[in-house]
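Source file model07.csv; content: CSV, C-alpha atoms.
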chain,number,residue,atom,x,y,z
A,1272,MET,CA,-14.5,3.5,-59.7
A,1273,SER,CA,-16.3,6.6,-58.4
A,1274,VAL,CA,-18.1,9.1,-60.5
A,1275,GLY,CA,-17.2,12.8,-60.5
A,1276,LEU,CA,-17.6,15.9,-62.5
A,1277,GLU,CA,-15.2,14.7,-65.3
A,1278,GLN,CA,-17.2,11.6,-66.1
A,1279,TYR,CA,-20.4,13.7,-66.6
A,1280,LEU,CA,-18.6,16.3,-68.7
A,1281,LEU,CA,-17.0,13.6,-70.9
A,1282,LEU,CA,-20.4,11.9,-71.4
A,1283,SER,CA,-21.9,15.3,-72.3
A,1284,ALA,CA,-19.1,16.0,-74.7
A,1285,VAL,CA,-19.7,12.6,-76.4
A,1286,LEU,CA,-23.4,13.3,-76.6
A,1287,PHE,CA,-22.9,16.8,-78.0
A,1288,THR,CA,-20.5,15.4,-80.7
A,1289,ILE,CA,-23.0,12.8,-81.8
A,1290,GLY,CA,-25.7,15.4,-82.1
A,1291,LEU,CA,-23.4,17.8,-84.0
A,1292,VAL,CA,-22.3,15.2,-86.5
A,1293,GLY,CA,-25.9,14.1,-87.0
A,1294,ALA,CA,-27.1,17.7,-87.4
A,1295,LEU,CA,-24.4,18.5,-90.0
A,1296,SER,CA,-24.6,15.3,-92.0
A,1297,LYS,CA,-28.2,14.4,-92.3
A,1298,ARG,CA,-30.6,15.3,-95.1
A,1299,ASN,CA,-33.9,14.6,-93.4
A,1300,ALA,CA,-35.1,17.8,-91.7
A,1301,ILE,CA,-36.8,16.1,-88.8
A,1302,ILE,CA,-33.7,14.0,-88.0
A,1303,VAL,CA,-31.7,17.3,-88.0
A,1304,LEU,CA,-34.2,18.7,-85.4
A,1305,MET,CA,-33.8,15.6,-83.3
A,1306,CYS,CA,-30.0,15.9,-83.4
A,1307,ILE,CA,-30.3,19.5,-82.2
A,1308,GLU,CA,-32.5,18.3,-79.3
A,1309,ILE,CA,-29.6,15.8,-78.4
A,1310,MET,CA,-27.1,18.7,-78.4
A,1311,LEU,CA,-29.4,20.8,-76.1
A,1312,ASN,CA,-29.7,17.8,-73.8
A,1313,ALA,CA,-25.9,17.5,-73.7
A,1314,VAL,CA,-25.7,21.2,-72.6
A,1315,ASN,CA,-28.4,20.6,-70.0
A,1316,LEU,CA,-26.4,17.7,-68.6
A,1317,THR,CA,-23.3,19.9,-68.3
A,1318,LEU,CA,-25.3,22.7,-66.5
A,1319,VAL,CA,-26.8,20.2,-64.0
A,1320,ALA,CA,-23.4,18.6,-63.5
A,1321,PHE,CA,-21.9,22.0,-62.6
A,1322,TYR,CA,-24.8,22.6,-60.3
A,1323,ARG,CA,-24.1,19.3,-58.4
A,1324,TYR,CA,-20.3,19.6,-58.3
A,1325,GLY,CA,-19.9,23.4,-58.2
A,1326,GLY,CA,-21.2,23.9,-54.7
A,1327,LEU,CA,-24.9,23.5,-55.3
A,1328,ASP,CA,-25.4,26.9,-56.9
A,1329,ILE,CA,-29.1,26.8,-58.0
A,1330,THR,CA,-28.5,29.0,-61.1
A,1331,GLY,CA,-27.3,25.9,-63.0
A,1332,MET,CA,-30.7,24.3,-62.6
A,1333,VAL,CA,-32.5,27.6,-63.5
A,1334,PHE,CA,-30.5,27.8,-66.7
A,1335,ALA,CA,-31.4,24.2,-67.6
A,1336,LEU,CA,-35.0,25.0,-67.0
A,1337,PHE,CA,-34.8,27.9,-69.4
A,1338,VAL,CA,-32.9,25.8,-72.0
A,1339,MET,CA,-35.9,23.4,-71.9
A,1340,LEU,CA,-38.3,26.3,-72.5
A,1341,VAL,CA,-36.4,27.5,-75.5
A,1342,ALA,CA,-35.9,24.0,-76.8
A,1343,ALA,CA,-39.6,23.4,-76.7
A,1344,ALA,CA,-40.3,26.7,-78.6
A,1345,GLU,CA,-37.5,25.9,-81.1
A,1346,VAL,CA,-38.6,22.4,-82.0
A,1347,ALA,CA,-42.3,23.5,-82.3
A,1348,LEU,CA,-41.5,26.4,-84.7
A,1349,GLY,CA,-38.9,24.3,-86.6
A,1350,LEU,CA,-41.5,21.6,-87.2
A,1351,ALA,CA,-44.0,24.2,-88.4
A,1352,ILE,CA,-41.5,25.4,-90.9
A,1353,VAL,CA,-40.8,21.8,-92.0
A,1354,PHE,CA,-44.5,21.3,-92.5
A,1355,SER,CA,-44.9,24.4,-94.5
A,1356,LEU,CA,-42.0,23.3,-96.8
A,1357,TYR,CA,-43.4,19.8,-97.0
A,1358,ARG,CA,-46.7,21.3,-98.2
A,1359,SER,CA,-45.1,23.2,-101.1
A,1360,ARG,CA,-42.3,20.7,-102.0
A,1361,GLU,CA,-43.8,17.3,-100.9
A,1362,THR,CA,-40.5,16.4,-99.3
A,1363,VAL,CA,-38.5,17.0,-96.1
A,1364,ASP,CA,-35.2,16.4,-97.8
A,1365,LEU,CA,-32.9,19.4,-97.0
A,1366,ALA,CA,-30.9,18.9,-100.2
A,1367,GLU,CA,-33.9,19.8,-102.2
A,1368,MET,CA,-34.6,23.1,-100.4
A,1369,ASP,CA,-32.4,25.1,-102.7
A,1370,MET,CA,-34.7,27.9,-103.8
A,1371,MET,CA,-32.6,30.6,-102.3
A,1372,LYS,CA,-29.2,29.1,-103.5
A,1373,TRP,CA,-27.3,30.8,-106.4
B,723,MET,CA,-28.2,7.7,-48.4
B,724,ASP,CA,-31.9,8.4,-47.9
B,725,TYR,CA,-32.0,10.2,-51.3
B,726,TRP,CA,-31.5,6.9,-53.1
B,727,ALA,CA,-34.0,5.0,-51.0
B,728,GLY,CA,-37.0,6.3,-52.9
B,729,TYR,CA,-35.5,5.5,-56.2
B,730,GLY,CA,-34.6,1.9,-55.3
B,731,SER,CA,-38.2,0.9,-55.8
B,732,ILE,CA,-38.3,2.7,-59.2
B,733,ALA,CA,-35.2,0.9,-60.3
B,734,LEU,CA,-36.7,-2.4,-59.2
B,735,PHE,CA,-39.9,-1.6,-61.1
B,736,LEU,CA,-37.9,-0.9,-64.3
B,737,LEU,CA,-35.9,-4.1,-63.8
B,738,VAL,CA,-39.1,-6.1,-63.5
B,739,ALA,CA,-40.6,-4.4,-66.5
B,740,LEU,CA,-37.5,-5.1,-68.6
B,741,ILE,CA,-37.4,-8.8,-67.6
B,742,PHE,CA,-41.1,-9.2,-68.3
B,743,GLY,CA,-40.8,-7.7,-71.7
B,744,LEU,CA,-37.7,-9.8,-72.6
B,745,ILE,CA,-39.5,-13.0,-71.4
B,746,THR,CA,-42.6,-12.3,-73.5
B,747,ILE,CA,-40.3,-11.9,-76.6
B,748,ILE,CA,-38.0,-14.9,-75.9
B,749,LEU,CA,-40.5,-17.4,-74.6
B,750,PRO,CA,-42.3,-18.1,-77.9
B,751,LYS,CA,-39.0,-18.6,-79.6
B,752,VAL,CA,-37.8,-21.0,-76.9
B,753,LEU,CA,-41.1,-22.9,-77.1
B,754,LYS,CA,-40.7,-23.2,-80.9
B,755,LEU,CA,-37.2,-24.5,-80.5
B,756,LEU,CA,-38.3,-27.1,-78.1
B,757,GLY,CA,-41.1,-28.2,-80.5
B,758,LEU,CA,-43.9,-27.4,-78.1
B,759,VAL,CA,-45.7,-25.1,-80.5
B,760,VAL,CA,-46.1,-25.9,-84.2
B,761,ARG,CA,-45.7,-23.4,-87.0
B,762,LYS,CA,-47.8,-24.1,-90.1
B,763,PRO,CA,-48.3,-20.8,-92.0
B,764,ASN,CA,-50.7,-20.5,-94.8
B,765,ALA,CA,-52.1,-17.7,-96.9
B,766,VAL,CA,-55.4,-17.3,-94.9
B,767,LYS,CA,-53.5,-16.9,-91.6
B,768,TYR,CA,-51.5,-14.1,-93.0
B,769,THR,CA,-54.5,-12.0,-94.2
B,770,THR,CA,-55.1,-8.7,-92.4
B,771,TYR,CA,-58.7,-9.5,-91.6
B,772,GLU,CA,-60.2,-12.9,-91.7
B,773,CYS,CA,-63.5,-11.4,-92.6
B,774,GLY,CA,-64.3,-7.9,-94.0
B,775,MET,CA,-62.7,-5.9,-96.7
B,776,GLU,CA,-59.3,-6.4,-98.1
B,777,THR,CA,-57.1,-3.4,-97.4
B,778,ILE,CA,-56.0,-1.2,-100.3
B,779,GLY,CA,-52.8,0.8,-100.5
B,780,PRO,CA,-50.2,1.5,-97.9
B,781,SER,CA,-51.2,1.9,-94.2
B,782,TRP,CA,-49.0,5.0,-94.0
B,783,VAL,CA,-51.8,7.6,-94.7
B,784,GLN,CA,-51.6,11.4,-94.5
B,785,PHE,CA,-52.7,12.6,-91.2
B,786,ASN,CA,-54.5,16.0,-90.9
B,787,PHE,CA,-52.1,18.8,-90.1
B,788,ARG,CA,-54.7,20.0,-87.6
B,789,TYR,CA,-53.4,17.5,-85.1
B,790,TYR,CA,-50.2,19.5,-84.9
B,791,ILE,CA,-51.9,22.6,-83.5
B,792,PHE,CA,-53.4,20.5,-80.7
B,793,ALA,CA,-49.9,19.0,-79.9
B,794,LEU,CA,-48.4,22.5,-80.0
B,795,LEU,CA,-50.9,23.9,-77.6
B,796,PHE,CA,-50.3,20.9,-75.3
B,797,LEU,CA,-46.6,21.7,-75.4
B,798,VAL,CA,-47.1,25.3,-74.6
B,799,PHE,CA,-49.2,24.6,-71.5
B,800,ASP,CA,-46.8,21.8,-70.5
B,801,VAL,CA,-44.1,24.3,-70.3
B,802,LEU,CA,-46.4,26.6,-68.3
B,803,VAL,CA,-47.0,23.8,-65.8
B,804,VAL,CA,-43.2,23.3,-65.5
B,805,PHE,CA,-42.8,26.9,-64.3
B,806,LEU,CA,-46.0,26.8,-62.3
B,807,TYR,CA,-44.7,24.1,-60.0
B,808,PRO,CA,-41.7,25.8,-58.5
B,809,TRP,CA,-43.7,29.0,-58.4
B,810,ALA,CA,-46.4,27.4,-56.3
B,811,VAL,CA,-43.9,25.8,-53.9
B,812,SER,CA,-42.1,29.1,-53.3
B,813,LEU,CA,-45.0,31.4,-53.5
B,814,ARG,CA,-45.1,31.9,-49.7
B,815,GLY,CA,-41.7,33.6,-49.7
B,816,GLY,CA,-42.1,35.4,-53.1
B,817,GLY,CA,-45.0,37.8,-52.3
B,818,TRP,CA,-46.8,39.9,-54.9
B,819,ALA,CA,-43.8,40.2,-57.3
B,820,ALA,CA,-43.8,36.4,-57.9
B,821,PHE,CA,-47.6,36.4,-58.2
B,822,THR,CA,-47.6,39.2,-60.7
B,823,ALA,CA,-44.8,37.6,-62.7
B,824,MET,CA,-46.7,34.4,-63.0
B,825,ALA,CA,-50.0,36.2,-63.8
B,826,VAL,CA,-48.3,38.0,-66.7
B,827,PHE,CA,-46.8,34.7,-67.9
B,828,ILE,CA,-50.2,33.0,-67.9
B,829,ALA,CA,-51.8,36.0,-69.6
B,830,VAL,CA,-49.3,36.0,-72.4
B,831,LEU,CA,-49.8,32.3,-73.0
B,832,LEU,CA,-53.6,32.7,-72.8
B,833,THR,CA,-53.3,35.3,-75.5
B,834,GLY,CA,-51.9,32.6,-77.8
B,835,PHE,CA,-54.6,30.2,-76.8
B,836,LEU,CA,-57.3,32.8,-77.5
B,837,TYR,CA,-55.7,33.5,-80.9
B,838,ALA,CA,-55.8,29.8,-81.8
B,839,TRP,CA,-59.4,29.8,-80.7
B,840,LYS,CA,-60.4,32.8,-82.7
B,841,LYS,CA,-58.7,31.5,-85.8
B,842,GLY,CA,-60.8,28.3,-85.5
B,843,ALA,CA,-57.7,26.1,-85.1
B,844,LEU,CA,-59.4,24.2,-82.4
B,845,GLU,CA,-62.6,23.4,-84.3
B,846,TRP,CA,-62.9,20.0,-85.9
B,847,ARG,CA,-64.3,20.2,-89.3
C,313,MET,CA,-18.4,1.0,-56.5
C,314,ASP,CA,-21.2,3.0,-55.1
C,315,LEU,CA,-24.8,3.3,-56.2
C,316,GLN,CA,-24.4,6.5,-58.1
C,317,ALA,CA,-21.6,5.0,-60.2
C,318,VAL,CA,-23.6,2.0,-61.1
C,319,ALA,CA,-26.6,4.1,-62.1
C,320,PHE,CA,-24.3,6.5,-64.0
C,321,TYR,CA,-22.6,3.9,-66.1
C,322,VAL,CA,-25.8,2.0,-66.9
C,323,LEU,CA,-27.6,5.2,-67.9
C,324,ALA,CA,-24.6,6.6,-69.8
C,325,ALA,CA,-24.3,3.4,-71.9
C,326,MET,CA,-28.0,3.6,-72.6
C,327,LEU,CA,-27.8,7.2,-73.6
C,328,VAL,CA,-24.8,6.9,-75.9
C,329,VAL,CA,-26.2,3.8,-77.6
C,330,SER,CA,-29.6,5.4,-78.2
C,331,ALA,CA,-28.1,8.7,-79.4
C,332,LEU,CA,-25.9,6.8,-81.9
C,333,ALA,CA,-29.0,4.9,-83.0
C,334,VAL,CA,-30.8,8.2,-83.7
C,335,VAL,CA,-28.0,9.2,-86.1
C,336,LEU,CA,-27.3,5.8,-87.6
C,337,ILE,CA,-30.6,4.0,-88.0
C,338,PRO,CA,-32.1,4.5,-91.4
C,339,ASN,CA,-35.8,4.1,-90.3
C,340,VAL,CA,-36.9,7.6,-89.2
C,341,PHE,CA,-39.7,6.4,-86.9
C,342,ARG,CA,-37.4,4.1,-85.0
C,343,ALA,CA,-34.9,6.9,-84.7
C,344,GLY,CA,-37.6,9.0,-83.1
C,345,LEU,CA,-38.3,6.2,-80.6
C,346,PHE,CA,-34.6,5.9,-79.7
C,347,LEU,CA,-34.6,9.7,-79.2
C,348,VAL,CA,-37.3,9.2,-76.6
C,349,LEU,CA,-35.2,6.5,-74.9
C,350,ALA,CA,-32.3,9.0,-74.9
C,351,PHE,CA,-34.5,11.6,-73.2
C,352,PHE,CA,-35.4,9.0,-70.5
C,353,ALA,CA,-31.7,8.3,-69.9
C,354,VAL,CA,-31.0,12.0,-69.5
C,355,ALA,CA,-33.8,12.2,-67.0
C,356,GLY,CA,-32.2,9.3,-65.0
C,357,LEU,CA,-28.8,11.1,-65.1
C,358,PHE,CA,-30.5,14.3,-63.7
C,359,ILE,CA,-31.8,12.2,-60.8
C,360,THR,CA,-28.3,10.8,-60.2
C,361,LEU,CA,-27.1,14.4,-60.0
C,362,GLY,CA,-29.6,15.2,-57.3
C,363,ALA,CA,-31.8,17.3,-59.6
C,364,ASP,CA,-35.0,15.2,-59.1
C,365,PHE,CA,-37.3,18.0,-60.1
C,366,LEU,CA,-35.4,18.5,-63.3
C,367,GLY,CA,-35.6,14.8,-64.0
C,368,ALA,CA,-39.4,14.9,-63.7
C,369,VAL,CA,-39.5,18.0,-65.9
C,370,GLN,CA,-37.3,16.3,-68.5
C,371,ILE,CA,-39.8,13.4,-68.7
C,372,LEU,CA,-42.8,15.9,-68.7
C,373,VAL,CA,-41.4,18.3,-71.4
C,374,TYR,CA,-39.1,16.2,-73.5
C,375,VAL,CA,-40.7,12.7,-73.4
C,376,GLY,CA,-44.3,13.9,-73.0
C,377,ALA,CA,-44.3,16.9,-75.3
C,378,ILE,CA,-41.3,17.2,-77.6
C,379,GLY,CA,-41.1,13.4,-78.2
C,380,VAL,CA,-44.8,13.3,-79.1
C,381,LEU,CA,-44.4,16.3,-81.3
C,382,LEU,CA,-41.5,14.8,-83.3
C,383,LEU,CA,-43.1,11.4,-83.7
C,384,LEU,CA,-46.3,13.2,-84.9
C,385,ALA,CA,-44.2,15.2,-87.3
C,386,ILE,CA,-42.7,12.0,-88.7
C,387,MET,CA,-46.2,10.5,-89.2
C,388,LEU,CA,-47.5,13.8,-90.8
C,389,THR,CA,-44.8,14.1,-93.4
C,390,ARG,CA,-45.0,10.5,-94.8
C,391,ASP,CA,-41.4,10.6,-95.9
C,392,VAL,CA,-40.4,7.5,-93.9
C,393,HIS,CA,-39.6,5.3,-97.0
C,394,HIS,CA,-36.9,7.8,-97.9
C,395,GLY,CA,-35.1,6.9,-94.7
C,396,SER,CA,-32.5,9.3,-93.3
C,397,PRO,CA,-29.7,9.5,-95.9
C,398,GLY,CA,-26.5,11.4,-95.2
C,399,ASN,CA,-25.4,14.4,-97.3
C,400,ARG,CA,-22.1,15.0,-99.0
C,401,LEU,CA,-20.8,16.6,-95.8
C,402,TRP,CA,-20.7,13.5,-93.7
C,403,LEU,CA,-17.0,13.0,-93.9
C,404,PRO,CA,-15.9,16.6,-93.0
C,405,ALA,CA,-18.7,16.6,-90.4
C,406,SER,CA,-17.3,13.4,-88.8
C,407,VAL,CA,-13.7,14.9,-88.8
C,408,LEU,CA,-15.0,18.1,-87.3
C,409,GLY,CA,-16.9,16.2,-84.6
C,410,ALA,CA,-13.8,14.0,-83.8
C,411,LEU,CA,-11.6,17.2,-83.6
C,412,LEU,CA,-14.2,18.9,-81.3
C,413,LEU,CA,-14.5,15.8,-79.1
C,414,GLY,CA,-10.7,15.5,-78.9
C,415,ALA,CA,-10.2,19.1,-78.0
C,416,VAL,CA,-13.0,19.2,-75.4
C,417,SER,CA,-12.0,16.0,-73.7
C,418,TRP,CA,-8.3,17.0,-73.7
C,419,SER,CA,-9.0,20.3,-72.1
C,420,LEU,CA,-11.4,19.0,-69.5
C,421,LEU,CA,-9.1,16.1,-68.5
C,422,ASN,CA,-6.2,18.6,-68.1
C,423,THR,CA,-8.2,21.0,-66.0
C,424,THR,CA,-8.1,20.8,-62.2
C,425,TRP,CA,-11.7,21.3,-61.3
C,426,ALA,CA,-12.6,22.8,-58.0
C,427,ASP,CA,-14.6,19.7,-57.2
C,428,LYS,CA,-16.9,20.9,-54.4
C,429,ALA,CA,-18.9,17.7,-54.1
C,430,ALA,CA,-21.3,18.3,-51.3
C,431,GLU,CA,-23.4,15.6,-49.8
C,432,MET,CA,-26.5,14.6,-51.7
C,433,PRO,CA,-28.7,17.7,-51.8
C,434,VAL,CA,-32.2,18.0,-50.5
C,435,PRO,CA,-35.0,18.4,-53.0
C,436,ALA,CA,-34.4,21.8,-54.5
C,437,THR,CA,-37.8,22.7,-56.0
C,438,ALA,CA,-38.6,25.4,-53.5
C,439,ALA,CA,-35.1,26.9,-53.8
C,440,LEU,CA,-35.5,26.8,-57.6
C,441,GLY,CA,-38.8,28.7,-57.4
C,442,ALA,CA,-37.3,31.2,-55.0
C,443,SER,CA,-34.4,31.7,-57.3
C,444,VAL,CA,-36.5,32.2,-60.5
C,445,PHE,CA,-39.0,34.6,-58.9
C,446,ASP,CA,-36.7,36.7,-56.8
C,447,LEU,CA,-37.3,40.4,-57.5
C,448,GLN,CA,-33.7,41.6,-57.1
C,449,ASN,CA,-31.5,39.0,-58.9
C,450,GLY,CA,-34.1,36.5,-60.1
C,451,PHE,CA,-35.1,35.5,-63.6
C,452,ILE,CA,-38.5,37.2,-64.0
C,453,LEU,CA,-37.6,39.1,-67.2
C,454,PRO,CA,-36.2,36.0,-69.0
C,455,LEU,CA,-39.4,34.2,-67.9
C,456,GLU,CA,-41.6,36.8,-69.6
C,457,ILE,CA,-39.4,36.8,-72.7
C,458,GLY,CA,-39.8,33.0,-72.8
C,459,ALA,CA,-43.6,33.5,-72.6
C,460,LEU,CA,-43.4,35.8,-75.6
C,461,ALA,CA,-41.3,33.3,-77.4
C,462,LEU,CA,-44.0,30.6,-76.8
C,463,LEU,CA,-46.7,33.1,-77.9
C,464,ALA,CA,-44.7,33.8,-81.1
C,465,VAL,CA,-44.5,30.0,-81.7
C,466,VAL,CA,-48.2,29.5,-81.3
C,467,ILE,CA,-49.1,32.4,-83.7
C,468,GLY,CA,-46.3,31.4,-86.2
C,469,ALA,CA,-47.3,27.8,-86.2
C,470,ILE,CA,-51.0,28.7,-86.8
C,471,VAL,CA,-50.0,31.0,-89.6
C,472,LEU,CA,-47.7,28.5,-91.2
C,473,VAL,CA,-49.7,25.3,-90.7
C,474,GLY,CA,-53.3,26.5,-90.5
C,475,GLU,CA,-55.8,26.2,-93.2
C,476,LYS,CA,-55.4,28.4,-96.2
C,477,LYS,CA,-58.7,30.3,-96.6
Target format structure tokens, applied to this file:
Amino acid sequence: MSVGLEQYLLLSAVLFTIGLVGALSKRNAIIVLMCIEIMLNAVNLTLVAFYRYGGLDITGMVFALFVMLVAAAEVALGLAIVFSLYRSRETVDLAEMDMMKW
Amino acid sequence: MDYWAGYGSIALFLLVALIFGLITIILPKVLKLLGLVVRKPNAVKYTTYECGMETIGPSWVQFNFRYYIFALLFLVFDVLVVFLYPWAVSLRGGGWAAFTAMAVFIAVLLTGFLYAWKKGALEWR
Amino acid sequence: MDLQAVAFYVLAAMLVVSALAVVLIPNVFRAGLFLVLAFFAVAGLFITLGADFLGAVQILVYVGAIGVLLLLAIMLTRDVHHGSPGNRLWLPASVLGALLLGAVSWSLLNTTWADKAAEMPVPATAALGASVFDLQNGFILPLEIGALALLAVVIGAIVLVGEKK
């Protein structure tokens, strides 16, 4: 039972699906941000797997590095927005953030 | 196969850490089952402090949001270090272009740091 | 069964279990701790793929910074006793996820990949740096844009979270 590209891609697809379902179906804003991090990790896994099994093209690793940079920025600003909402609404429940709904 | 040789010791270390943790959890339960340790709970044993004040309210208190700014600045410079490492390894072949690129990168991040400093976000009041 | 396969299956099981725990566990703080475990598993998988520098970076950035930031956020917002309830969309979201997983795995199992599995690569840190900082076809402009994104994050977070005067 050897491991090749397909096993890594399948694992990454499973991970992305878990993250997607979590991000769509959770009401706690911080859990949603965590699920987005899981999805980004799945994408990184795919990029690095293609680096390894696609002829060692270094661009896959460069992309993964930039995904990490953007993920760090995204989670930091997302949490700042969550704090700002928590200050005015005293909750992180996304179902109660309905000021702009009509 | 020499790529894996360095990671064998890390795997061994993780294995030992896992076994040690599991043993420290399981051992008291086994000893209790064997009757080697006795369990006689009473109210005084379960108090938070045997001497001193009784605690009031939940232990989940509101932390100051100021901690977040420190964690954020740590994150920013963590990302900087991540890019600094391959830059430093490959600087010999990169020449002035690579040096200037990293200088601009650091300058931009330092601007954010100076902004935080000016705004007093780093002061502990 | 070679060494990479053993490492892969152990880490993959760890990763899937901890990712499921992030979604399913009602206690938010424990979900955060399982997320950190998932980050560790992904770092291990990077190492099995020969990307040892990226594994170290994964631990440095995700475990060291993002994990700490998320756990700090859970402690700052004091909403732990509400748990992590699902919303009304959980059933359509699960169906959508199952459809996506089915479609992706069907298509990737029915593709013949040009599997150019080379021998285990040498440490690629120097090549990575040379690729990022190459003047002709490197990634210097995306790097500076990333720096600006981080600057925007710092300023935005201070404006959003900082003390109201």
Quick one: contact table of chain C to chain A, 7 Å max, nearest atom pair and distance in Å to one decimal per residue, counting all atoms listed in the file, chain and number order, as a tab-separated table?
residue	atom	partner	partner_atom	distance
C:Met313	CA	A:Met1272	CA	5.6
C:Asp314	CA	A:Ser1273	CA	6.9
C:Ala317	CA	A:Val1274	CA	5.4
C:Ala324	CA	A:Leu1282	CA	6.9
C:Val328	CA	A:Leu1286	CA	6.6
C:Ala331	CA	A:Ile1289	CA	7.0
C:Leu332	CA	A:Ile1289	CA	6.7
C:Val335	CA	A:Gly1293	CA	5.4
C:Phe358	CA	A:Val1319	CA	7.0
C:Leu361	CA	A:Arg1323	CA	6.0
C:Gly362	CA	A:Arg1323	CA	6.9
C:Ile378	CA	A:Ala1343	CA	6.5
C:Ala385	CA	A:Leu1350	CA	6.9
C:Thr389	CA	A:Tyr1357	CA	6.9
C:Asp391	CA	A:Thr1362	CA	6.8
C:Ser396	CA	A:Asn1299	CA	5.5
C:Pro397	CA	A:Arg1298	CA	5.9
C:Gly398	CA	A:Lys1297	CA	4.5
C:Asn399	CA	A:Ser1296	CA	5.4
C:Leu401	CA	A:Ser1296	CA	5.5
C:Trp402	CA	A:Ser1296	CA	4.6
C:Ala405	CA	A:Val1292	CA	5.5
C:Ser406	CA	A:Val1292	CA	5.8
C:Gly409	CA	A:Thr1288	CA	5.4
C:Leu413	CA	A:Thr1288	CA	6.2
C:Val416	CA	A:Ala1284	CA	6.9
C:Ser417	CA	A:Leu1281	CA	6.2
C:Asp427	CA	A:Tyr1324	CA	5.8
C:Lys428	CA	A:Gly1326	CA	5.3
C:Ala429	CA	A:Tyr1324	CA	4.8
C:Ala430	CA	A:Gly1326	CA	6.6
C:Leu440	CA	A:Ile1329	CA	6.4
C:Val444	CA	A:Val1333	CA	6.8
C:Gly458	CA	A:Leu1340	CA	6.9
C:Ala461	CA	A:Ala1344	CA	6.8
C:Leu462	CA	A:Ala1344	CA	5.7
C:Val465	CA	A:Leu1348	CA	5.6
C:Ala469	CA	A:Ala1351	CA	5.4
C:Leu472	CA	A:Ser1355	CA	6.0
C:Val473	CA	A:Ser1355	CA	6.2
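Considering all atoms listed in the file, the residue among B:Ala727, B:Leu737, B:Thr769, B:Phe835 positioned nearest to Phe796 in chain B is B:Phe835.
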Given all atoms listed in the file as the counted atoms, nearest of A:Met1368, A:Leu1318, A:Met1310, A:Val1338 to chain B:
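That would be A:Val1338, the residue with the smallest distance to chain B.
The gap separating CA of Ala355 in chain C from CA of Leu734 in chain B is 16.8 Å, in Å to one decimal.
Going from CA of Gly356 in chain C to CA of Ala319 in chain C covers 8.2 Å.
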Can you pull out the residues contacting Ala820 in chain B? Cut-off 8 Å, using only C-alpha atoms, and skip same-chain residues under 2 positions away; I want them as a ChimeraX atom specification.
/B:809,813,816-818,822-824 /C:445-447
Interface list for chain B, partner chain C, 6 Å threshold, all atoms listed in the file, as a ChimeraX atom specification:
/B:785,797,808-809,811-812,820,827,831,834
What does the distance between CA of Val801 in chain B and CA of Phe821 in chain B come to in Å, to one decimal place?
17.5 Å
Write out as a list in words every residue belonging to chain B that has an atom at most 10 Å from any atom of chain A, counting all atoms listed in the file.
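Taken together, these residues fit the definition: Phe787, Tyr790, Ile791, Ala793, Leu794, Leu795, Leu797, Val798, Asp800, Val801, Leu802, Val804 and Phe805 of chain B.
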Generate a file of the selected residues that holds C-alpha atoms, formatted as a short mmCIF file (atom, residue, chain, number, x, y, z; two decimals), keeping the file's coordinate frame.
data_model
loop_
_atom_site.label_atom_id
_atom_site.label_comp_id
_atom_site.auth_asym_id
_atom_site.auth_seq_id
_atom_site.Cartn_x
_atom_site.Cartn_y
_atom_site.Cartn_z
CA PHE B 787 -52.10 18.80 -90.10
CA TYR B 790 -50.20 19.50 -84.90
CA ILE B 791 -51.90 22.60 -83.50
CA ALA B 793 -49.90 19.00 -79.90
CA LEU B 794 -48.40 22.50 -80.00
CA LEU B 795 -50.90 23.90 -77.60
CA LEU B 797 -46.60 21.70 -75.40
CA VAL B 798 -47.10 25.30 -74.60
CA ASP B 800 -46.80 21.80 -70.50
CA VAL B 801 -44.10 24.30 -70.30
CA LEU B 802 -46.40 26.60 -68.30
CA VAL B 804 -43.20 23.30 -65.50
CA PHE B 805 -42.80 26.90 -64.30
#
Give me, as a list in words, all polymer residues having an atom no more than 7 Å from Phe341 in chain C, counting all atoms listed in the file and skipping those fewer than 4 positions away in the same chain.
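Near Phe341 in chain C, the qualifying residues are Leu345, Leu383 and Ile386 of chain C.
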